[in-house]
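Notes to accompany the following structure.
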Amino acid sequence: MQTSTSGASSPHQDGPRLAILLEQCLGPVPGGTGRYAKELARGLVDEAPSGAQVRAWTAWHRDTSVARVPGAEGPSRLALPRRALTLAWERGLGPVPTAADVVHAPTPLAPPRRGRPLVVTVHDAVPWTHPETLTPRGVRWHRAVIGQAARSADAIVVPTQAVADELARRVPLRRPPVVVGEGVSAALEPPADAAERALALGLPDGDFVLTLATIEPRKGLDVLLEAMADQRAPAVPLLVVGQAGWGSVDVTQRAEELGLGSRVRLLGRLPDADLAVILRRATVLAAPSRAEGFGLPVLEAMAAGVPVVSSDAPALVEVGGGATVTVPVGNSGALADALAEVLRSSELRTRLVSAGRRRAAEFSWAAAGRQLWRLYADLV
C-alpha cells in the first residue's frame, strides 16, 4: 500500500484523478455514513469517464481491507492514525492525498485544500437543528468542521434539499450546496441461501415490525418502543437492527419496562446478506427518527418492497416522496395508529409497496456517480 505524508497533485493527462476518503468505513461505528462512503466510491468507479482514476485513502491502519473497493486503487494510507489525523485536519494541518486532481471527503472530516479542488459531503444539519440528540462535544466538533468546510471547500454536497435549506439558513456558505441523492446497495439483493439465513436468524413466521438504526437518541427508538407498547398497536414482534452508538438508549431495558418482553429482539449489526433477507420478510419498516439527512433505510425498504412508516422529519418526507406513511416526530400514539393501520390493511400495504418501488427506482448510486463526475469536471 502507498503511504503519503504531503503533496499536491500534478495536472492529469488522461482523465481526472479522484481521491476519495474512506476513513469512515474503518470507524468504530461506521453507521450510515460508512455505507454512504463505500457505496459512493463504487458508484464513482462504475461511472468513471474514460481515463479517470479513483483512489481510496484512509488514515494509518494496519488493516484497511474493509475500505477496499473493486476497481478503485488503494486504499492508500496517510501518515497519521485516525485520532492524530483528525486533530491535524481540524487545524488545517497534516498529510493529504497525493497525485489527485480533486479530493472528495464523504463526511465533514476533510483534509486541507492544498491547491486542488475539495468536495465535502455534509449529511445533515443536526448539530444546529437538534443539538440535544448529540453529545456536547459532538455538536462542537461537527459545527466546527462543517464551518471549516463551508469556508474552504469548492463544493458542499448534501443528500437532500431539506439539508441544503437548513445549512443555508445556519451556515455562511460560499455557494449553494449541491444536492446528490443516494442509492441502494447491490449487496442487498436477496442471496441464494435466503431461506437458510432466515432460519438461522430465527425470523418470525408471521408479521413483524423492523427498524434499522444506530442505537442513539436521534433515531427515536424510545418513541417506537412506546408505540409498540400502546394498546392500539398489534402485538407483533419488533426487530431492531443496528449497532450501539452513543447515549443512554437501552432498548432491552426499556422494552422490559414497557412490558414488551420477548416481543423486542435486538439483532445488532448484520452482514448485508442477512440484512437483505430480513428486509424482504418484514411486514413494515418503522423509521421514527427525530432528524435525518437522508434516511437510507427508508429507501432500502421501499426498494425491497416493504411498506414504510416514518416520522415527518423533512428529509424522510422528501425521500419518501409520498410513498410512505408519515407521523409527527416524537408522537408515539400517532406512530402506534399508523403501524396498526399498515399491519391490518393488506390493501394499504399493497399500495405502499407499489408506490415505494416506483419512488426507490428514482435513486441509484450510479446516478450519484454520474452527477459527481460532472461536478468534478466543472471544478477541475
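Letters for chains follow the order of the C-alpha cells (A, B, ...), residue numbers begin at 1 for each chain, and ligand numbers begin at 1 in the order shown.
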
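Summary of the local environment: counting only C-alpha atoms, residues at most 7 Å from A:Val309, other than itself and those fewer than 4 positions away along its chain, are Leu285, Ala286, Ala287, Thr324, Val325, Thr326, Ala338 and Leu339 of chain A.
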
Inset, instruction - In Å, rounded to a single decimal, give me how far atom CA of A:Val119 is from atom CA of A:Ala100. - result: 12.5 Å

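Atom CA of A:Glu318 is positioned 10.6 Å from atom CA of A:Arg359.
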
Which residues of stretch 197-222 of chain A sit at most 12 Å from stretch 259-272 of chain A, using only C-alpha atoms? Give each one's shortest atom pair and distance in Å (one decimal place), in chain and ascending residue order, as CSV.
```
residue,atom,partner,partner_atom,distance
A:Arg197,CA,A:Pro271,CA,11.0
A:Leu201,CA,A:Leu267,CA,8.7
A:Gly202,CA,A:Arg265,CA,10.3
A:Leu203,CA,A:Arg265,CA,10.0
A:Pro204,CA,A:Arg263,CA,10.3
A:Asp207,CA,A:Arg263,CA,11.7
A:Phe208,CA,A:Arg263,CA,9.4
A:Val209,CA,A:Val264,CA,9.6
A:Leu210,CA,A:Arg265,CA,9.9
A:Thr211,CA,A:Leu266,CA,10.0
A:Leu212,CA,A:Arg269,CA,9.2
A:Ala213,CA,A:Arg269,CA,9.3
A:Thr214,CA,A:Arg269,CA,8.7
A:Ile215,CA,A:Gly268,CA,9.1
A:Leu221,CA,A:Val264,CA,11.6
```

Now that the selection is made, can you save its residues with N, CA and C atoms as a PDB file, in the first residue's frame?
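Contents of the output file result-v7.pdb:
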```pdb
ATOM      1  N   ARG A 197     -30.706 -18.534   5.759  1.00  0.00           N
ATOM      2  CA  ARG A 197     -30.355 -17.383   6.594  1.00  0.00           C
ATOM      3  C   ARG A 197     -31.533 -16.968   7.482  1.00  0.00           C
ATOM      4  N   LEU A 201     -31.416 -16.824  11.508  1.00  0.00           N
ATOM      5  CA  LEU A 201     -31.733 -15.595  12.229  1.00  0.00           C
ATOM      6  C   LEU A 201     -32.922 -15.770  13.163  1.00  0.00           C
ATOM      7  N   GLY A 202     -33.670 -16.834  12.973  1.00  0.00           N
ATOM      8  CA  GLY A 202     -34.851 -17.051  13.797  1.00  0.00           C
ATOM      9  C   GLY A 202     -35.943 -16.032  13.544  1.00  0.00           C
ATOM     10  N   LEU A 203     -36.132 -15.671  12.274  1.00  0.00           N
ATOM     11  CA  LEU A 203     -37.134 -14.647  11.949  1.00  0.00           C
ATOM     12  C   LEU A 203     -38.540 -15.168  12.226  1.00  0.00           C
ATOM     13  N   PRO A 204     -39.435 -14.284  12.652  1.00  0.00           N
ATOM     14  CA  PRO A 204     -40.815 -14.709  12.935  1.00  0.00           C
ATOM     15  C   PRO A 204     -41.487 -15.268  11.690  1.00  0.00           C
ATOM     16  N   ASP A 207     -46.216 -11.682  10.866  1.00  0.00           N
ATOM     17  CA  ASP A 207     -45.896 -10.265  10.723  1.00  0.00           C
ATOM     18  C   ASP A 207     -44.879  -9.809  11.766  1.00  0.00           C
ATOM     19  N   PHE A 208     -44.045  -8.860  11.382  1.00  0.00           N
ATOM     20  CA  PHE A 208     -43.184  -8.190  12.356  1.00  0.00           C
ATOM     21  C   PHE A 208     -42.796  -6.812  11.847  1.00  0.00           C
ATOM     22  N   VAL A 209     -42.499  -5.931  12.794  1.00  0.00           N
ATOM     23  CA  VAL A 209     -42.013  -4.579  12.506  1.00  0.00           C
ATOM     24  C   VAL A 209     -40.497  -4.609  12.556  1.00  0.00           C
ATOM     25  N   LEU A 210     -39.864  -3.917  11.612  1.00  0.00           N
ATOM     26  CA  LEU A 210     -38.404  -3.832  11.540  1.00  0.00           C
ATOM     27  C   LEU A 210     -37.976  -2.385  11.647  1.00  0.00           C
ATOM     28  N   THR A 211     -36.901  -2.137  12.350  1.00  0.00           N
ATOM     29  CA  THR A 211     -36.276  -0.822  12.311  1.00  0.00           C
ATOM     30  C   THR A 211     -34.772  -0.996  12.142  1.00  0.00           C
ATOM     31  N   LEU A 212     -34.171  -0.164  11.309  1.00  0.00           N
ATOM     32  CA  LEU A 212     -32.738  -0.191  11.023  1.00  0.00           C
ATOM     33  C   LEU A 212     -32.152   1.132  11.472  1.00  0.00           C
ATOM     34  N   ALA A 213     -31.312   1.109  12.501  1.00  0.00           N
ATOM     35  CA  ALA A 213     -30.800   2.379  13.013  1.00  0.00           C
ATOM     36  C   ALA A 213     -29.653   2.148  13.976  1.00  0.00           C
ATOM     37  N   THR A 214     -28.678   3.049  13.953  1.00  0.00           N
ATOM     38  CA  THR A 214     -27.698   3.099  15.025  1.00  0.00           C
ATOM     39  C   THR A 214     -28.447   3.440  16.306  1.00  0.00           C
ATOM     40  N   ILE A 215     -28.135   2.760  17.384  1.00  0.00           N
ATOM     41  CA  ILE A 215     -28.907   2.919  18.619  1.00  0.00           C
ATOM     42  C   ILE A 215     -28.383   4.130  19.381  1.00  0.00           C
ATOM     43  N   LEU A 221     -35.829   5.550  18.836  1.00  0.00           N
ATOM     44  CA  LEU A 221     -36.213   4.199  19.220  1.00  0.00           C
ATOM     45  C   LEU A 221     -37.069   4.190  20.479  1.00  0.00           C
TER      46      LEU A 221
END
```

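Residue nearest A:Gly32, chosen from A:Glu292, A:Asp154, A:Glu47, A:Glu256 and counting only C-alpha atoms: A:Glu292.
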
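Take the candidates A:Gly43, A:Gly115, A:Gly94, A:Pro190 and check each one against A:Asp274 using only C-alpha atoms; the shortest distance goes to A:Pro190.
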
Inset, instruction - Measuring atom to atom with only C-alpha atoms, identify which of A:Val139, A:Met228, A:Met302, A:Ala273 is nearest to A:Ala187. - result: A:Ala273

Legend entry - Length of the atom CA of A:Leu167 to atom CA of A:Leu40 vector [Å]: 21.8 Å

Legend entry - Exercise: A:Ala155 partners within 10 Å, only C-alpha atoms, chain neighbours under 3 positions left out, as a list in words: His104, Pro117, Leu118, Val119, Val120, Thr121, Ala149, Ala150, Arg151, Ser152, Val158, Leu173, Arg174, Arg175, Pro176, Pro177, Val178, Leu375, Tyr376 and Leu379 of chain A

Take the residues from that selection and put them in a file with C-alpha atoms, as a CSV table (one decimal), in the first residue's frame.
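Output file part-v9.csv is given in full below:
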```csv
chain,number,residue,atom,x,y,z
A,104,HIS,CA,-13.8,14.2,-2.1
A,117,PRO,CA,-10.5,21.3,-5.7
A,118,LEU,CA,-12.0,19.9,-2.5
A,119,VAL,CA,-15.6,18.5,-2.3
A,120,VAL,CA,-17.1,17.7,1.1
A,121,THR,CA,-20.3,15.9,1.9
A,149,ALA,CA,-15.7,23.0,5.0
A,150,ALA,CA,-18.1,25.8,4.2
A,151,ARG,CA,-15.1,28.3,4.1
A,152,SER,CA,-12.6,26.1,2.2
A,158,VAL,CA,-25.8,17.3,0.6
A,173,LEU,CA,-21.8,29.3,2.5
A,174,ARG,CA,-19.7,30.5,-0.4
A,175,ARG,CA,-22.2,28.9,-2.8
A,176,PRO,CA,-25.4,26.8,-2.6
A,177,PRO,CA,-24.9,23.2,-1.7
A,178,VAL,CA,-25.2,20.5,-4.5
A,375,LEU,CA,-19.2,18.3,-10.7
A,376,TYR,CA,-15.6,17.3,-10.5
A,379,LEU,CA,-14.2,22.1,-10.7
```

Which residues in stretch 110-350 of chain A does DSSP call alpha helix (DSSP H)? List them as a CSV table (one decimal) with N, CA and C atoms, in the first residue's frame.
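The new file selection-v6.csv reads:
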```
chain,number,residue,atom,x,y,z
A,126,VAL,N,-28.1,18.5,11.8
A,126,VAL,CA,-28.5,18.1,13.1
A,126,VAL,C,-27.7,18.9,14.2
A,127,PRO,N,-26.4,19.2,14.1
A,127,PRO,CA,-25.7,20.0,15.1
A,127,PRO,C,-26.4,21.3,15.4
A,128,TRP,N,-27.1,21.8,14.5
A,128,TRP,CA,-27.9,23.1,14.7
A,128,TRP,C,-29.3,22.9,15.0
A,129,THR,N,-30.0,22.0,14.2
A,129,THR,CA,-31.4,21.8,14.4
A,129,THR,C,-31.8,20.9,15.6
A,136,PRO,N,-22.4,17.0,23.7
A,136,PRO,CA,-21.9,18.4,23.5
A,136,PRO,C,-20.7,18.5,22.7
A,137,ARG,N,-19.8,17.6,22.9
A,137,ARG,CA,-18.5,17.5,22.1
A,137,ARG,C,-18.8,17.3,20.7
A,138,GLY,N,-19.8,16.4,20.4
A,138,GLY,CA,-20.1,16.1,19.0
A,138,GLY,C,-20.7,17.4,18.3
A,139,VAL,N,-21.5,18.1,19.0
A,139,VAL,CA,-22.1,19.3,18.5
A,139,VAL,C,-21.0,20.3,18.1
A,140,ARG,N,-20.1,20.5,19.1
A,140,ARG,CA,-19.0,21.5,18.8
A,140,ARG,C,-18.1,21.0,17.7
A,141,TRP,N,-17.8,19.8,17.6
A,141,TRP,CA,-16.9,19.3,16.6
A,141,TRP,C,-17.6,19.4,15.2
A,142,HIS,N,-18.8,18.9,15.1
A,142,HIS,CA,-19.5,19.0,13.8
A,142,HIS,C,-19.7,20.4,13.3
A,143,ARG,N,-20.1,21.3,14.2
A,143,ARG,CA,-20.2,22.7,13.8
A,143,ARG,C,-18.9,23.3,13.3
A,144,ALA,N,-17.8,22.9,14.0
A,144,ALA,CA,-16.5,23.5,13.6
A,144,ALA,C,-16.1,22.9,12.3
A,145,VAL,N,-16.1,21.6,12.1
A,145,VAL,CA,-15.6,21.1,10.8
A,145,VAL,C,-16.5,21.4,9.6
A,146,ILE,N,-17.8,21.5,9.8
A,146,ILE,CA,-18.7,21.9,8.8
A,146,ILE,C,-18.5,23.3,8.4
A,147,GLY,N,-18.3,24.2,9.4
A,147,GLY,CA,-18.0,25.6,9.2
A,147,GLY,C,-16.7,25.7,8.4
A,148,GLN,N,-15.7,24.9,8.8
A,148,GLN,CA,-14.4,24.9,8.1
A,148,GLN,C,-14.6,24.5,6.6
A,149,ALA,N,-15.4,23.5,6.4
A,149,ALA,CA,-15.7,23.0,5.0
A,149,ALA,C,-16.4,24.1,4.2
A,150,ALA,N,-17.3,24.8,4.9
A,150,ALA,CA,-18.1,25.8,4.2
A,150,ALA,C,-17.1,27.0,3.7
A,151,ARG,N,-16.1,27.2,4.5
A,151,ARG,CA,-15.1,28.3,4.1
A,151,ARG,C,-14.1,27.8,3.1
A,152,SER,N,-13.7,26.5,3.1
A,152,SER,CA,-12.6,26.1,2.2
A,152,SER,C,-12.9,25.3,1.1
A,161,GLN,N,-32.6,18.2,-0.4
A,161,GLN,CA,-32.9,19.6,-0.4
A,161,GLN,C,-33.2,20.1,1.0
A,162,ALA,N,-33.8,19.2,1.8
A,162,ALA,CA,-34.0,19.6,3.2
A,162,ALA,C,-32.7,20.0,3.9
A,163,VAL,N,-31.7,19.2,3.7
A,163,VAL,CA,-30.4,19.6,4.3
A,163,VAL,C,-29.8,20.9,3.7
A,164,ALA,N,-29.9,21.0,2.4
A,164,ALA,CA,-29.5,22.2,1.7
A,164,ALA,C,-30.1,23.4,2.3
A,165,ASP,N,-31.4,23.4,2.5
A,165,ASP,CA,-32.2,24.5,3.1
A,165,ASP,C,-31.7,24.8,4.5
A,166,GLU,N,-31.6,23.8,5.3
A,166,GLU,CA,-31.2,24.0,6.7
A,166,GLU,C,-29.8,24.6,6.8
A,167,LEU,N,-28.9,24.1,6.0
A,167,LEU,CA,-27.5,24.6,6.0
A,167,LEU,C,-27.5,26.0,5.6
A,168,ALA,N,-28.2,26.3,4.6
A,168,ALA,CA,-28.2,27.7,4.0
A,168,ALA,C,-28.7,28.7,5.1
A,169,ARG,N,-29.6,28.3,6.0
A,169,ARG,CA,-30.1,29.1,7.0
A,169,ARG,C,-29.2,29.3,8.1
A,170,ARG,N,-28.3,28.4,8.3
A,170,ARG,CA,-27.5,28.3,9.6
A,170,ARG,C,-26.0,28.5,9.4
A,194,ALA,N,-31.3,-17.5,1.0
A,194,ALA,CA,-32.1,-16.7,1.9
A,194,ALA,C,-32.9,-17.5,2.9
A,195,ALA,N,-33.5,-18.7,2.5
A,195,ALA,CA,-34.3,-19.5,3.4
A,195,ALA,C,-33.4,-19.9,4.6
A,196,GLU,N,-32.2,-20.4,4.3
A,196,GLU,CA,-31.3,-20.8,5.4
A,196,GLU,C,-30.9,-19.7,6.3
A,197,ARG,N,-30.7,-18.5,5.8
A,197,ARG,CA,-30.4,-17.4,6.6
A,197,ARG,C,-31.5,-17.0,7.5
A,198,ALA,N,-32.7,-17.0,6.9
A,198,ALA,CA,-33.9,-16.6,7.7
A,198,ALA,C,-34.1,-17.6,8.9
A,199,LEU,N,-33.8,-18.9,8.6
A,199,LEU,CA,-33.9,-19.8,9.7
A,199,LEU,C,-32.8,-19.6,10.8
A,200,ALA,N,-31.6,-19.3,10.3
A,200,ALA,CA,-30.5,-19.1,11.3
A,200,ALA,C,-30.8,-17.8,12.1
A,201,LEU,N,-31.4,-16.8,11.5
A,201,LEU,CA,-31.7,-15.6,12.2
A,201,LEU,C,-32.9,-15.8,13.2
A,221,LEU,N,-35.8,5.5,18.8
A,221,LEU,CA,-36.2,4.2,19.2
A,221,LEU,C,-37.1,4.2,20.5
A,222,ASP,N,-36.9,5.2,21.3
A,222,ASP,CA,-37.7,5.3,22.5
A,222,ASP,C,-39.2,5.5,22.1
A,223,VAL,N,-39.4,6.3,21.1
A,223,VAL,CA,-40.8,6.6,20.6
A,223,VAL,C,-41.4,5.3,20.0
A,224,LEU,N,-40.6,4.6,19.3
A,224,LEU,CA,-41.0,3.4,18.7
A,224,LEU,C,-41.4,2.3,19.7
A,225,LEU,N,-40.6,2.2,20.8
A,225,LEU,CA,-40.9,1.2,21.8
A,225,LEU,C,-42.2,1.6,22.5
A,226,GLU,N,-42.4,2.9,22.8
A,226,GLU,CA,-43.7,3.3,23.4
A,226,GLU,C,-44.9,3.0,22.4
A,227,ALA,N,-44.7,3.2,21.1
A,227,ALA,CA,-45.7,2.9,20.2
A,227,ALA,C,-46.1,1.4,20.2
A,228,MET,N,-45.0,0.6,20.2
A,228,MET,CA,-45.3,-0.8,20.2
A,228,MET,C,-46.0,-1.3,21.5
A,229,ALA,N,-45.8,-0.6,22.6
A,229,ALA,CA,-46.5,-1.0,23.8
A,229,ALA,C,-47.9,-0.4,23.9
A,251,VAL,N,-32.3,-0.4,24.8
A,251,VAL,CA,-33.5,-1.0,24.1
A,251,VAL,C,-34.1,-2.1,25.0
A,252,THR,N,-33.3,-3.0,25.4
A,252,THR,CA,-33.8,-4.2,26.1
A,252,THR,C,-34.4,-3.8,27.5
A,253,GLN,N,-33.8,-2.9,28.2
A,253,GLN,CA,-34.3,-2.5,29.5
A,253,GLN,C,-35.6,-1.7,29.3
A,254,ARG,N,-35.7,-0.8,28.3
A,254,ARG,CA,-36.9,-0.1,28.1
A,254,ARG,C,-38.0,-1.0,27.6
A,255,ALA,N,-37.7,-2.0,26.8
A,255,ALA,CA,-38.7,-2.9,26.4
A,255,ALA,C,-39.3,-3.7,27.6
A,256,GLU,N,-38.5,-4.0,28.5
A,256,GLU,CA,-38.9,-4.7,29.8
A,256,GLU,C,-39.8,-3.8,30.6
A,257,GLU,N,-39.4,-2.5,30.7
A,257,GLU,CA,-40.2,-1.6,31.5
A,257,GLU,C,-41.6,-1.4,30.9
A,272,ASP,N,-24.6,-7.7,5.1
A,272,ASP,CA,-25.6,-7.3,4.1
A,272,ASP,C,-26.5,-8.4,3.6
A,273,ALA,N,-26.0,-9.6,3.5
A,273,ALA,CA,-26.8,-10.8,3.1
A,273,ALA,C,-27.9,-11.0,4.0
A,274,ASP,N,-27.6,-11.0,5.3
A,274,ASP,CA,-28.7,-11.2,6.3
A,274,ASP,C,-29.6,-10.0,6.3
A,275,LEU,N,-29.1,-8.8,6.1
A,275,LEU,CA,-30.0,-7.6,6.1
A,275,LEU,C,-30.9,-7.7,4.9
A,276,ALA,N,-30.4,-8.2,3.8
A,276,ALA,CA,-31.3,-8.4,2.6
A,276,ALA,C,-32.5,-9.3,2.9
A,277,VAL,N,-32.2,-10.4,3.6
A,277,VAL,CA,-33.2,-11.4,4.0
A,277,VAL,C,-34.2,-10.8,4.9
A,278,ILE,N,-33.8,-10.1,6.0
A,278,ILE,CA,-34.7,-9.6,7.0
A,278,ILE,C,-35.6,-8.5,6.4
A,279,LEU,N,-35.0,-7.7,5.5
A,279,LEU,CA,-35.7,-6.6,4.9
A,279,LEU,C,-36.9,-7.1,4.1
A,280,ARG,N,-36.7,-8.2,3.3
A,280,ARG,CA,-37.7,-8.7,2.5
A,280,ARG,C,-38.8,-9.5,3.2
A,281,ARG,N,-38.5,-9.8,4.5
A,281,ARG,CA,-39.5,-10.6,5.2
A,281,ARG,C,-40.3,-9.7,6.2
A,296,LEU,N,-31.4,6.5,4.7
A,296,LEU,CA,-31.2,5.4,3.8
A,296,LEU,C,-32.0,4.1,4.0
A,297,PRO,N,-32.3,3.8,5.3
A,297,PRO,CA,-33.2,2.6,5.5
A,297,PRO,C,-34.6,2.8,4.8
A,298,VAL,N,-35.1,4.0,4.8
A,298,VAL,CA,-36.4,4.2,4.1
A,298,VAL,C,-36.3,3.8,2.6
A,299,LEU,N,-35.2,4.3,2.0
A,299,LEU,CA,-35.0,4.0,0.6
A,299,LEU,C,-34.8,2.5,0.4
A,300,GLU,N,-34.0,1.9,1.2
A,300,GLU,CA,-33.7,0.4,1.1
A,300,GLU,C,-35.0,-0.4,1.3
A,301,ALA,N,-35.8,0.0,2.2
A,301,ALA,CA,-37.1,-0.7,2.5
A,301,ALA,C,-38.0,-0.6,1.3
A,302,MET,N,-38.2,0.6,0.7
A,302,MET,CA,-39.0,0.8,-0.4
A,302,MET,C,-38.6,0.0,-1.6
A,303,ALA,N,-37.3,-0.1,-1.8
A,303,ALA,CA,-36.7,-0.9,-2.9
A,303,ALA,C,-37.0,-2.3,-2.7
A,314,PRO,N,-38.2,16.4,7.8
A,314,PRO,CA,-38.2,16.8,6.4
A,314,PRO,C,-37.5,15.9,5.4
A,315,ALA,N,-36.3,15.4,5.8
A,315,ALA,CA,-35.6,14.6,4.8
A,315,ALA,C,-36.3,13.3,4.6
A,316,LEU,N,-36.9,12.7,5.6
A,316,LEU,CA,-37.6,11.4,5.4
A,316,LEU,C,-38.8,11.6,4.5
A,317,VAL,N,-39.5,12.7,4.7
A,317,VAL,CA,-40.7,13.1,3.9
A,317,VAL,C,-40.2,13.2,2.4
A,318,GLU,N,-39.1,13.9,2.2
A,318,GLU,CA,-38.6,14.2,0.9
A,318,GLU,C,-38.2,12.8,0.2
A,319,VAL,N,-37.5,12.0,0.9
A,319,VAL,CA,-37.0,10.7,0.3
A,319,VAL,C,-38.2,9.8,0.0
A,320,GLY,N,-39.2,9.8,1.0
A,320,GLY,CA,-40.4,9.0,0.8
A,320,GLY,C,-41.2,9.4,-0.4
A,332,SER,N,-45.7,9.1,19.8
A,332,SER,CA,-45.8,7.6,19.8
A,332,SER,C,-47.2,7.1,19.6
A,333,GLY,N,-48.2,7.9,20.0
A,333,GLY,CA,-49.6,7.5,19.7
A,333,GLY,C,-49.9,7.5,18.2
A,334,ALA,N,-49.5,8.5,17.5
A,334,ALA,CA,-49.7,8.5,16.1
A,334,ALA,C,-49.0,7.4,15.4
A,335,LEU,N,-47.8,7.1,15.9
A,335,LEU,CA,-47.0,6.0,15.3
A,335,LEU,C,-47.7,4.7,15.5
A,336,ALA,N,-48.2,4.5,16.7
A,336,ALA,CA,-49.0,3.2,17.0
A,336,ALA,C,-50.1,3.1,16.1
A,337,ASP,N,-50.9,4.2,15.9
A,337,ASP,CA,-52.0,4.1,15.0
A,337,ASP,C,-51.6,3.8,13.5
A,338,ALA,N,-50.5,4.4,13.1
A,338,ALA,CA,-50.1,4.2,11.7
A,338,ALA,C,-49.6,2.8,11.5
A,339,LEU,N,-48.8,2.3,12.4
A,339,LEU,CA,-48.4,0.9,12.3
A,339,LEU,C,-49.5,-0.1,12.4
A,340,ALA,N,-50.5,0.2,13.2
A,340,ALA,CA,-51.7,-0.7,13.3
A,340,ALA,C,-52.4,-0.7,11.9
A,341,GLU,N,-52.6,0.5,11.3
A,341,GLU,CA,-53.3,0.6,10.1
A,341,GLU,C,-52.6,-0.2,9.0
A,342,VAL,N,-51.3,-0.1,8.9
A,342,VAL,CA,-50.5,-0.8,7.9
A,342,VAL,C,-50.5,-2.3,8.1
A,343,LEU,N,-50.4,-2.7,9.4
A,343,LEU,CA,-50.3,-4.1,9.7
A,343,LEU,C,-51.7,-4.8,9.4
A,344,ARG,N,-52.8,-4.0,9.6
A,344,ARG,CA,-54.1,-4.6,9.4
A,344,ARG,C,-54.7,-4.6,8.0
A,346,SER,N,-54.2,-5.1,4.2
A,346,SER,CA,-53.4,-5.6,3.1
A,346,SER,C,-53.5,-4.7,1.9
A,347,GLU,N,-54.6,-4.1,1.7
A,347,GLU,CA,-54.8,-3.2,0.6
A,347,GLU,C,-53.9,-2.0,0.7
A,348,LEU,N,-53.7,-1.4,1.9
A,348,LEU,CA,-52.8,-0.3,2.1
A,348,LEU,C,-51.4,-0.8,1.9
A,349,ARG,N,-51.0,-1.9,2.4
A,349,ARG,CA,-49.7,-2.4,2.2
A,349,ARG,C,-49.3,-2.6,0.7
A,350,THR,N,-50.3,-3.1,-0.1
A,350,THR,CA,-50.1,-3.2,-1.5
A,350,THR,C,-49.8,-1.9,-2.2
```

Legend entry - Who sits within 8 Å of A:Thr133, only C-alpha atoms, same chain under 5 positions skipped, as a PyMOL selection string: chain A and resi 126+216-218

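Scanning stretch 76-217 of chain A with DSSP on the backbone, the strand (DSSP E or B) assignments fall on Ser76, Arg77, Leu78, Val102, Val103, His104, Ala105, Leu118, Val119, Val120, Thr121, Ala155, Ile156, Val157, Val158, Val178, Val179, Val209, Leu210, Thr211, Leu212 and Ile215 of chain A.
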